[in-house]
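The structure appears below as structure tokens.
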Amino acid sequence: MSTKNDKDKPSIPEHPRLRFCPSPTGIPHVGMIHTALYNWAEARHTGGTLIFRMEDTDDRRDTKESLDMIIEALEWMGIDWDEGIGKGNDDLYFQSRRKEVYQGVAKQLFEAGFAYESFSTAEEIAERNKAAGRPETFGYDGFDRNLTEEQKEAFRKEGRKPALRIRVPDEDISWDDLVRGPITYKAGSFPDFVIVRPNGDPLYTLTNPVDDAILDVNMVLRGEDLLPSTPRQIVLYEYLKKLGIAKQTPLFGHLPYVMGEGNKKLSKRDPQSNLFLLRDMGFIREGLLNYLSLLGWSYSADQDVFSMEELVAKFDVRDVKANPARFDLKKAISINASHIRMLDPEDFVKRCLPYLFKEGIVPADKWDELSADDKALLLRIAPLVQPRVRLLSEAVPMMLPLIDKAGELEFEEGSLEPLTEGDKAVLDRALKELENVQDEEWKADTLHTLLTDALVNEMSLPAKKAFNPVRLAISGKKVSAPLFESLEIIGKPVVIERISSLRSKI
RNA sequence: GCCCCUAUCGUCUAGCGGUCUAGGACAUCGCCCUCUCACGGCGGUAACACCAGUUCAAAUCUGGUUGGGGGUACCA
């Protein structure tokens, strides 16, 4: 199999080792899952290894709840991992437990001369830049690069503590990006950067590559927002390799953003960015995964509904597009609808259960806890409802009139006003016909014939005019599951009761 | 300011120098099917940001312009 990119993008390692390493700071986000999905798909396609690790270095923002939600999200989506949290020694996979490791590496970097102590404060750097006529945003000027021991001692006597900075070589930094192709940062593009704060806290620029190196990660697929940190990390990798800590510099692939409305990255404020909100709306994993994979990648020129197996068979990160993609809820819903229709009816019902249970329509949200009668009824209803919902939650109002026979029917807003004397006559006639039907004759096709003869043929009404009042009477809605099947399922007594009830409202 | 990324219908994309009067999907509009809705079928509207250059030939290669995004941190 050859794709356009095989010839001009880097070849992937024989045994790819990828990782997904979010920070536990909030509700699982669609952009985050998009990144996780692409890492997963690449790992599964290549037979590689996916590592799941937590970048929890910010104790002010990190929460246990967030961690639990991220795990729940991955499990719900079916994104599994081979190494990492919950699989082996968790001390390897939580950065919050690894401060000594980073400090140890920092010490080695310092002793080898790859990093140096920097005593300059932000104010001093800004002043020097100003004095030299450089723009304020110029950044660090390398002032502490070659401080003598005496100078350092003098700073220490002032009570200063040094940050540790990486000595950035004066040369172009290039890499061949898996999604963007060759990228070069010219020499001097960025200054010596801090890897350890004066108080000893290691920074992302250090912790991320160090863990990747220790876990022998050879492919890094991450968001475009991390692109500017890559040349810095490449510098660091060169040093880590010299110290024997890193085996190689990994291949990098910078994935496109998932955008929201306007030209903004999908933010936590956008409701459609919240994975669990999408689940509550009634997305199924297959649909959401399918849609998300399409944001920056395509399955083929003329097919965009496919299974996870098909995705894995075809996915290649080198085919991913570099430009950001907008999250389009309408298309996401449409793709979801296709996947709902492909579900086995029993599977469909089982997945509807939580939504039905939440509204008090069924007594349990677990299939096994339902009575045989309940199961049988749901299974009869499923094929009627399944092809006409796009989200699982939409099944609730459609199933309700078929399941809840005791409750008072609620009529849809504005559905009663247009009713006329003609509709009243239709209901009268329907009532008369249906009352005479024997129990054993109460079948969808019999009722269809009966009502067609009476209402359409004898009353000379168009089919819509004839059946819609009946539909409204038994469902409370203008849109419902197929009428005659519904009549059969609801049963004669309740149908008679509901039609009489609506008749009296006209 | 400087650096980096990016640019095909409203949206997601196919396109890899000739097969492009640019294909598919969602959305939208019309028609058919039809007990409603959905499904399904048929058809319509709708895009190569701009300017140069290379070439017999450019959506495709090169340069520039413009637009969008990101960075320029002791954030990630």
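Labels for the structure tokens follow display order: chains A, B, ..., residues from 1 in each chain, ligands from 1.
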- Just list the residues in range 38-141 of chain A DSSP gives helix (DSSP H, G or I) on the backbone, as a VMD selection string. chain A and resid 38 to 46 64 to 77 90 to 92 95 to 97 99 to 111 122 to 131 136 to 138
- Please identify which residues in range 237-294 of chain A DSSP calls strand (DSSP E) from the backbone, and express them as a ChimeraX atom specification. /A:251-255,258-259
- Item | Which of B:A38, B:A49, B:C75, B:C9 sits closest to chain A [using only C-alpha atoms (C1' of nucleotides)] |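 Among the listed residues, the smallest separation from chain A belongs to B:A38.
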- Message: Select, as an MDAnalysis selection string, those residues of chain B with any atom no more than 10 Å from chain A (distances computed using only C-alpha atoms (C1' of nucleotides)).
- Response: chainID B and resid 1:7 11:16 23:27 35:39 68:76
